[in-house]
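**Student:** What follows is final06.tsv; its format and atoms are TSV, N, CA and C atoms.
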chain	number	residue	atom	x	y	z
W	244	GLN	N	-9.69	4.05	-18.75
W	244	GLN	CA	-9.66	2.93	-17.84
W	244	GLN	C	-8.37	2.96	-17.03
W	245	VAL	N	-8.49	2.77	-15.73
W	245	VAL	CA	-7.33	2.77	-14.84
W	245	VAL	C	-7.24	1.40	-14.19
W	246	GLN	N	-6.04	0.90	-14.15
W	246	GLN	CA	-5.79	-0.37	-13.45
W	246	GLN	C	-4.81	-0.15	-12.32
W	247	VAL	N	-5.09	-0.77	-11.20
W	247	VAL	CA	-4.21	-0.74	-10.04
W	247	VAL	C	-3.86	-2.18	-9.71
W	248	THR	N	-2.58	-2.48	-9.71
W	248	THR	CA	-2.15	-3.87	-9.55
W	248	THR	C	-1.12	-3.98	-8.43
W	249	GLU	N	-1.47	-4.75	-7.40
W	249	GLU	CA	-0.53	-5.01	-6.31
W	249	GLU	C	0.24	-6.30	-6.60
W	250	SER	N	1.44	-6.36	-6.04
W	250	SER	CA	2.24	-7.57	-6.13
W	250	SER	C	3.22	-7.60	-4.97
W	251	GLY	N	3.82	-8.75	-4.75
W	251	GLY	CA	4.85	-8.86	-3.73
W	251	GLY	C	4.43	-9.53	-2.44
W	252	GLY	N	3.16	-9.88	-2.33
W	252	GLY	CA	2.72	-10.55	-1.11
W	252	GLY	C	3.28	-11.95	-1.01
W	253	GLY	N	3.11	-12.55	0.17
W	253	GLY	CA	3.59	-13.90	0.36
W	253	GLY	C	3.69	-14.25	1.83
W	254	LEU	N	4.44	-15.30	2.09
W	254	LEU	CA	4.62	-15.81	3.46
W	254	LEU	C	5.99	-15.38	3.96
W	255	VAL	N	6.03	-14.84	5.16
W	255	VAL	CA	7.29	-14.40	5.76
W	255	VAL	C	7.26	-14.75	7.24
W	256	GLN	N	8.42	-14.99	7.80
W	256	GLN	CA	8.50	-15.32	9.21
W	256	GLN	C	8.51	-14.05	10.06
W	257	VAL	N	8.17	-14.20	11.32
W	257	VAL	CA	8.22	-13.07	12.25
W	257	VAL	C	9.63	-12.46	12.22
W	258	GLY	N	9.66	-11.13	12.15
W	258	GLY	CA	10.93	-10.43	12.08
W	258	GLY	C	11.47	-10.26	10.68
W	259	GLY	N	10.82	-10.88	9.72
W	259	GLY	CA	11.28	-10.81	8.34
W	259	GLY	C	10.81	-9.56	7.63
W	260	SER	N	11.14	-9.49	6.33
W	260	SER	CA	10.83	-8.32	5.52
W	260	SER	C	10.14	-8.74	4.23
W	261	LEU	N	9.39	-7.81	3.70
W	261	LEU	CA	8.68	-8.03	2.44
W	261	LEU	C	8.47	-6.68	1.80
W	262	ARG	N	8.47	-6.64	0.47
W	262	ARG	CA	8.19	-5.39	-0.23
W	262	ARG	C	7.02	-5.58	-1.17
W	263	LEU	N	6.01	-4.75	-0.98
W	263	LEU	CA	4.84	-4.76	-1.86
W	263	LEU	C	4.99	-3.66	-2.91
W	264	SER	N	4.44	-3.93	-4.08
W	264	SER	CA	4.42	-2.94	-5.16
W	264	SER	C	2.98	-2.69	-5.58
W	265	CYS	N	2.74	-1.45	-5.99
W	265	CYS	CA	1.42	-1.07	-6.50
W	265	CYS	C	1.64	-0.25	-7.76
W	266	ALA	N	1.25	-0.80	-8.89
W	266	ALA	CA	1.45	-0.12	-10.16
W	266	ALA	C	0.13	0.39	-10.70
W	267	ALA	N	0.13	1.65	-11.10
W	267	ALA	CA	-1.06	2.25	-11.69
W	267	ALA	C	-0.83	2.42	-13.18
W	268	SER	N	-1.82	2.06	-13.96
W	268	SER	CA	-1.70	2.19	-15.42
W	268	SER	C	-3.01	2.69	-15.99
W	269	GLY	N	-2.93	3.19	-17.20
W	269	GLY	CA	-4.12	3.69	-17.85
W	269	GLY	C	-4.21	5.20	-17.78
W	270	ARG	N	-5.42	5.70	-17.81
W	270	ARG	CA	-5.64	7.14	-17.87
W	270	ARG	C	-5.57	7.73	-16.46
W	271	ILE	N	-4.33	7.86	-15.99
W	271	ILE	CA	-4.11	8.40	-14.65
W	271	ILE	C	-2.88	9.28	-14.70
W	272	PHE	N	-2.91	10.37	-13.91
W	272	PHE	CA	-1.78	11.27	-13.89
W	272	PHE	C	-0.59	10.63	-13.21
W	273	THR	N	0.58	10.91	-13.73
W	273	THR	CA	1.81	10.47	-13.08
W	273	THR	C	1.95	11.21	-11.76
W	274	GLY	N	2.39	10.46	-10.75
W	274	GLY	CA	2.60	11.08	-9.45
W	274	GLY	C	1.36	11.22	-8.61
W	275	VAL	N	0.30	10.53	-8.99
W	275	VAL	CA	-0.93	10.60	-8.20
W	275	VAL	C	-0.71	10.02	-6.81
W	276	GLY	N	-1.40	10.53	-5.82
W	276	GLY	CA	-1.29	10.00	-4.48
W	276	GLY	C	-1.81	8.58	-4.39
W	277	MET	N	-1.23	7.78	-3.51
W	277	MET	CA	-1.64	6.39	-3.34
W	277	MET	C	-1.65	6.04	-1.87
W	278	VAL	N	-2.47	5.08	-1.53
W	278	VAL	CA	-2.67	4.67	-0.15
W	278	VAL	C	-2.63	3.15	-0.06
W	279	TRP	N	-1.95	2.64	0.94
W	279	TRP	CA	-1.99	1.21	1.27
W	279	TRP	C	-2.95	1.00	2.44
W	280	HIS	N	-3.84	0.05	2.27
W	280	HIS	CA	-4.73	-0.39	3.33
W	280	HIS	C	-4.50	-1.88	3.56
W	281	ARG	N	-5.02	-2.39	4.67
W	281	ARG	CA	-4.98	-3.82	4.88
W	281	ARG	C	-6.24	-4.25	5.62
W	282	GLN	N	-6.59	-5.51	5.41
W	282	GLN	CA	-7.74	-6.07	6.10
W	282	GLN	C	-7.42	-7.48	6.55
W	283	ALA	N	-7.41	-7.65	7.87
W	283	ALA	CA	-7.18	-8.97	8.45
W	283	ALA	C	-8.52	-9.69	8.57
W	284	PRO	N	-8.49	-11.02	8.65
W	284	PRO	CA	-9.74	-11.79	8.76
W	284	PRO	C	-10.57	-11.34	9.96
W	285	GLY	N	-11.83	-11.04	9.71
W	285	GLY	CA	-12.73	-10.65	10.78
W	285	GLY	C	-12.57	-9.23	11.27
W	286	LYS	N	-11.72	-8.47	10.61
W	286	LYS	CA	-11.48	-7.08	11.05
W	286	LYS	C	-11.81	-6.10	9.93
W	287	LYS	N	-11.97	-4.84	10.33
W	287	LYS	CA	-12.25	-3.80	9.35
W	287	LYS	C	-10.98	-3.46	8.59
W	288	ARG	N	-11.18	-2.94	7.38
W	288	ARG	CA	-10.03	-2.48	6.60
W	288	ARG	C	-9.43	-1.26	7.30
W	289	GLU	N	-8.10	-1.20	7.36
W	289	GLU	CA	-7.43	-0.08	8.02
W	289	GLU	C	-6.38	0.52	7.10
W	290	LEU	N	-6.20	1.82	7.23
W	290	LEU	CA	-5.18	2.51	6.45
W	290	LEU	C	-3.82	2.21	7.06
W	291	VAL	N	-2.88	1.86	6.23
W	291	VAL	CA	-1.53	1.52	6.68
W	291	VAL	C	-0.56	2.68	6.44
W	292	ALA	N	-0.53	3.16	5.22
W	292	ALA	CA	0.40	4.22	4.87
W	292	ALA	C	-0.09	4.91	3.60
W	293	SER	N	0.31	6.16	3.44
W	293	SER	CA	-0.05	6.90	2.24
W	293	SER	C	1.09	7.80	1.82
W	294	ILE	N	1.06	8.15	0.55
W	294	ILE	CA	2.03	9.10	0.01
W	294	ILE	C	1.29	9.96	-1.01
W	295	ASN	N	1.47	11.29	-0.88
W	295	ASN	CA	0.73	12.14	-1.80
W	295	ASN	C	1.61	12.54	-2.98
W	296	ASN	N	1.07	13.42	-3.83
W	296	ASN	CA	1.78	13.78	-5.06
W	296	ASN	C	3.05	14.58	-4.78
W	297	GLU	N	3.18	15.10	-3.55
W	297	GLU	CA	4.39	15.84	-3.18
W	297	GLU	C	5.38	14.96	-2.42
W	298	GLY	N	5.02	13.69	-2.24
W	298	GLY	CA	5.92	12.79	-1.52
W	298	GLY	C	5.77	12.82	-0.02
W	299	ILE	N	4.77	13.52	0.46
W	299	ILE	CA	4.50	13.56	1.90
W	299	ILE	C	3.86	12.25	2.32
W	300	THR	N	4.38	11.66	3.38
W	300	THR	CA	3.94	10.34	3.80
W	300	THR	C	3.19	10.38	5.12
W	301	TYR	N	2.39	9.34	5.31
W	301	TYR	CA	1.65	9.16	6.57
W	301	TYR	C	1.68	7.67	6.90
W	302	TYR	N	1.81	7.36	8.20
W	302	TYR	CA	1.83	5.97	8.63
W	302	TYR	C	0.89	5.77	9.81
W	303	ALA	N	0.24	4.63	9.83
W	303	ALA	CA	-0.51	4.24	11.01
W	303	ALA	C	0.47	3.99	12.15
W	304	ASP	N	0.04	4.24	13.37
W	304	ASP	CA	0.93	4.06	14.52
W	304	ASP	C	1.47	2.63	14.60
W	305	SER	N	0.67	1.68	14.19
W	305	SER	CA	1.06	0.27	14.31
W	305	SER	C	2.22	-0.12	13.40
W	306	VAL	N	2.52	0.71	12.40
W	306	VAL	CA	3.60	0.34	11.46
W	306	VAL	C	4.74	1.36	11.44
W	307	LYS	N	4.59	2.45	12.19
W	307	LYS	CA	5.65	3.47	12.21
W	307	LYS	C	6.97	2.87	12.64
W	308	GLY	N	8.01	3.23	11.91
W	308	GLY	CA	9.34	2.73	12.23
W	308	GLY	C	9.64	1.36	11.64
W	309	ARG	N	8.61	0.68	11.09
W	309	ARG	CA	8.83	-0.64	10.50
W	309	ARG	C	8.52	-0.65	9.00
W	310	PHE	N	7.56	0.14	8.58
W	310	PHE	CA	7.15	0.18	7.18
W	310	PHE	C	7.58	1.51	6.57
W	311	THR	N	7.93	1.46	5.29
W	311	THR	CA	8.28	2.66	4.55
W	311	THR	C	7.55	2.66	3.21
W	312	ILE	N	6.85	3.74	2.92
W	312	ILE	CA	6.18	3.89	1.64
W	312	ILE	C	7.03	4.81	0.77
W	313	SER	N	7.15	4.46	-0.50
W	313	SER	CA	7.94	5.28	-1.42
W	313	SER	C	7.31	5.18	-2.80
W	314	ARG	N	7.81	6.02	-3.71
W	314	ARG	CA	7.21	6.02	-5.04
W	314	ARG	C	8.27	6.16	-6.11
W	315	ASP	N	7.98	5.62	-7.28
W	315	ASP	CA	8.82	5.78	-8.46
W	315	ASP	C	7.89	6.32	-9.55
W	316	ASP	N	7.94	7.62	-9.76
W	316	ASP	CA	7.00	8.24	-10.70
W	316	ASP	C	7.27	7.83	-12.14
W	317	ASP	N	8.50	7.47	-12.45
W	317	ASP	CA	8.79	7.01	-13.82
W	317	ASP	C	8.00	5.74	-14.13
W	318	LYS	N	7.77	4.94	-13.10
W	318	LYS	CA	7.04	3.69	-13.28
W	318	LYS	C	5.60	3.78	-12.79
W	319	ASN	N	5.22	4.95	-12.27
W	319	ASN	CA	3.90	5.13	-11.67
W	319	ASN	C	3.60	4.01	-10.68
W	320	THR	N	4.58	3.76	-9.84
W	320	THR	CA	4.52	2.65	-8.88
W	320	THR	C	4.83	3.15	-7.49
W	321	VAL	N	4.10	2.63	-6.53
W	321	VAL	CA	4.35	2.91	-5.13
W	321	VAL	C	4.72	1.60	-4.43
W	322	TYR	N	5.65	1.71	-3.51
W	322	TYR	CA	6.15	0.54	-2.80
W	322	TYR	C	5.83	0.64	-1.31
W	323	LEU	N	5.69	-0.50	-0.69
W	323	LEU	CA	5.56	-0.57	0.76
W	323	LEU	C	6.60	-1.57	1.26
W	324	GLN	N	7.68	-1.03	1.80
W	324	GLN	CA	8.74	-1.88	2.36
W	324	GLN	C	8.39	-2.17	3.81
W	325	MET	N	8.33	-3.44	4.14
W	325	MET	CA	7.92	-3.85	5.48
W	325	MET	C	9.06	-4.61	6.15
W	326	HIS	N	9.45	-4.16	7.32
W	326	HIS	CA	10.51	-4.80	8.09
W	326	HIS	C	9.98	-5.21	9.46
W	327	ASN	N	10.74	-6.10	10.12
W	327	ASN	CA	10.39	-6.52	11.48
W	327	ASN	C	8.91	-6.88	11.58
W	328	MET	N	8.50	-7.73	10.69
W	328	MET	CA	7.08	-8.04	10.58
W	328	MET	C	6.58	-8.89	11.73
W	329	ARG	N	5.30	-8.69	12.06
W	329	ARG	CA	4.67	-9.33	13.20
W	329	ARG	C	3.47	-10.15	12.73
W	330	PRO	N	3.05	-11.11	13.53
W	330	PRO	CA	1.87	-11.90	13.13
W	330	PRO	C	0.64	-11.05	12.85
W	331	ASN	N	0.47	-9.94	13.58
W	331	ASN	CA	-0.72	-9.12	13.34
W	331	ASN	C	-0.58	-8.22	12.11
W	332	ASP	N	0.52	-8.36	11.37
W	332	ASP	CA	0.61	-7.73	10.06
W	332	ASP	C	-0.06	-8.59	8.98
W	333	THR	N	-0.42	-9.81	9.36
W	333	THR	CA	-1.09	-10.70	8.42
W	333	THR	C	-2.43	-10.12	7.98
W	334	ALA	N	-2.58	-9.98	6.67
W	334	ALA	CA	-3.78	-9.35	6.12
W	334	ALA	C	-3.70	-9.39	4.60
W	335	VAL	N	-4.81	-9.03	3.99
W	335	VAL	CA	-4.78	-8.72	2.57
W	335	VAL	C	-4.48	-7.24	2.46
W	336	TYR	N	-3.47	-6.91	1.68
W	336	TYR	CA	-3.06	-5.52	1.51
W	336	TYR	C	-3.59	-5.00	0.18
W	337	TYR	N	-4.24	-3.85	0.28
W	337	TYR	CA	-4.87	-3.24	-0.89
W	337	TYR	C	-4.23	-1.88	-1.17
W	338	CYS	N	-4.15	-1.57	-2.44
W	338	CYS	CA	-3.66	-0.26	-2.87
W	338	CYS	C	-4.84	0.54	-3.40
W	339	GLN	N	-4.90	1.79	-3.03
W	339	GLN	CA	-5.98	2.67	-3.44
W	339	GLN	C	-5.42	3.95	-4.04
W	340	ILE	N	-6.04	4.39	-5.13
W	340	ILE	CA	-5.85	5.75	-5.63
W	340	ILE	C	-7.05	6.54	-5.14
W	341	PRO	N	-6.83	7.45	-4.21
W	341	PRO	CA	-7.98	8.20	-3.68
W	341	PRO	C	-8.56	9.14	-4.73
W	342	PRO	N	-9.82	9.46	-4.59
W	342	PRO	CA	-10.42	10.40	-5.54
W	342	PRO	C	-9.87	11.81	-5.37
W	343	THR	N	-9.72	12.50	-6.46
W	343	THR	CA	-9.29	13.89	-6.46
W	343	THR	C	-10.18	14.64	-7.46
W	344	PRO	N	-10.05	15.95	-7.56
W	344	PRO	CA	-10.82	16.66	-8.60
W	344	PRO	C	-10.45	16.22	-10.02
W	345	PHE	N	-9.33	15.48	-10.16
W	345	PHE	CA	-8.85	15.13	-11.49
W	345	PHE	C	-9.02	13.65	-11.81
W	346	ASN	N	-9.31	12.82	-10.81
W	346	ASN	CA	-9.48	11.39	-11.08
W	346	ASN	C	-10.45	10.78	-10.08
W	347	GLY	N	-11.01	9.66	-10.48
W	347	GLY	CA	-11.89	8.92	-9.58
W	347	GLY	C	-11.09	8.07	-8.61
W	348	GLU	N	-11.81	7.24	-7.86
W	348	GLU	CA	-11.20	6.35	-6.89
W	348	GLU	C	-11.00	4.98	-7.52
W	349	PHE	N	-9.83	4.42	-7.29
W	349	PHE	CA	-9.53	3.11	-7.85
W	349	PHE	C	-8.86	2.23	-6.80
W	350	TRP	N	-9.16	0.95	-6.86
W	350	TRP	CA	-8.61	-0.03	-5.92
W	350	TRP	C	-7.99	-1.20	-6.69
W	351	GLY	N	-6.96	-1.76	-6.11
W	351	GLY	CA	-6.40	-2.99	-6.63
W	351	GLY	C	-7.16	-4.19	-6.07
W	352	GLN	N	-6.76	-5.37	-6.50
W	352	GLN	CA	-7.45	-6.60	-6.12
W	352	GLN	C	-6.96	-7.13	-4.78
W	353	GLY	N	-5.84	-6.62	-4.30
W	353	GLY	CA	-5.29	-7.05	-3.02
W	353	GLY	C	-4.23	-8.12	-3.17
W	354	THR	N	-3.32	-8.16	-2.23
W	354	THR	CA	-2.29	-9.19	-2.19
W	354	THR	C	-2.16	-9.69	-0.75
W	355	GLN	N	-2.11	-11.00	-0.60
W	355	GLN	CA	-2.10	-11.61	0.73
W	355	GLN	C	-0.69	-11.58	1.32
W	356	VAL	N	-0.62	-11.13	2.57
W	356	VAL	CA	0.63	-11.17	3.33
W	356	VAL	C	0.36	-12.00	4.58
W	357	THR	N	1.18	-13.00	4.78
W	357	THR	CA	1.04	-13.86	5.95
W	357	THR	C	2.35	-13.91	6.71
W	358	VAL	N	2.29	-13.59	8.00
W	358	VAL	CA	3.48	-13.61	8.84
W	358	VAL	C	3.34	-14.79	9.79
W	359	SER	N	4.26	-15.71	9.70
W	359	SER	CA	4.18	-16.93	10.51
W	359	SER	C	5.09	-16.81	11.72
W	360	SER	N	4.61	-17.34	12.84
W	360	SER	CA	5.41	-17.29	14.08
W	360	SER	C	6.09	-18.62	14.33
Represent the structure of the file as structure tokens.
**Tutor:**
Amino acid sequence: QVQVTESGGGLVQVGGSLRLSCAASGRIFTGVGMVWHRQAPGKKRELVASINNEGITYYADSVKGRFTISRDDDKNTVYLQMHNMRPNDTAVYYCQIPPTPFNGEFWGQGTQVTVSS
């Protein structure tokens, strides 16, 4: 059994910062790749950032230069540091462990981020 747990969401003002955490536990390899997605009300879920097992990162154009994804393999946790936040960053943020030949796909329950203007 694998559990993916997000935390760190909340209310922040425009221009503020927030850090999300995604912890993986259970029968999962240390250093597995992880992906942050978000879904705003009435919109499709979109990929925000990802980090693979080698630490290679990817960012959506909308968050480049403002968000940073990082990992702590000792804790099997991935972080999403968000700076200079905008109202359109408001969404539920989800963490995903993508499927690989060694593990299935797993999702967290999501954490709400609200940016107030």
**Student:** Determine, counting only N, CA and C atoms, every residue of protein, DNA or RNA that lies within 6.5 Å of (9.5, -15.0, 13.8) in the file coordinates, then give the result as a PyMOL selection string.
**Tutor:** chain W and resi 256-259+359-360
**Student:** Check the smallest atom-to-atom distance from each of W:Gln244, W:Gln339, W:Asn327, W:Ser250 to Ile271 in chain W using all atoms listed in the file, then report the winner.
**Tutor:**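 Under the stated criterion, the closest residue is W:Gln244.
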**Student:** Choose the residue, out of W:Leu254, W:Ala303, W:Gly308, W:Ser260, that has the smallest atom-to-atom separation from His326 in chain W; count only C-alpha atoms.
**Tutor:**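 Nearest to His326 in chain W: W:Ser260.
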**Student:** Measuring between all atoms listed in the file, which one of W:Phe272, W:Tyr302, W:Trp350, W:Phe310 shows the shortest distance to Glu249 in chain W?
**Tutor:**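 Residue with the minimum atom-to-atom distance to Glu249 in chain W: W:Trp350.
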**Student:** Just give me the gap between CA of Glu297 in chain W and CA of Cys338 in chain W in Å, one decimal is fine.
**Tutor:**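 Atom-to-atom, CA of Glu297 in chain W to CA of Cys338 in chain W, that is 18.0 Å.
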**Student:** Have a look at W:Thr343, W:Thr248, W:Gln355, W:Asn331 and name the one nearest to Cys265 in chain W; count only N, CA and C atoms.
**Tutor:** W:Thr248
**Student:** For Val291 in chain W, which residue out of W:Leu263, W:Val255, W:Val306, W:Val356 is the nearest one, using all atoms listed in the file?
**Tutor:** W:Val306
**Student:** Looking at W:Val321, W:Val245, W:Val278, W:Leu290, which one is nearest to Ser264 in chain W, with distances taken over all atoms listed in the file?
**Tutor:**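 Result for the nearest residue to Ser264 in chain W: W:Val321.
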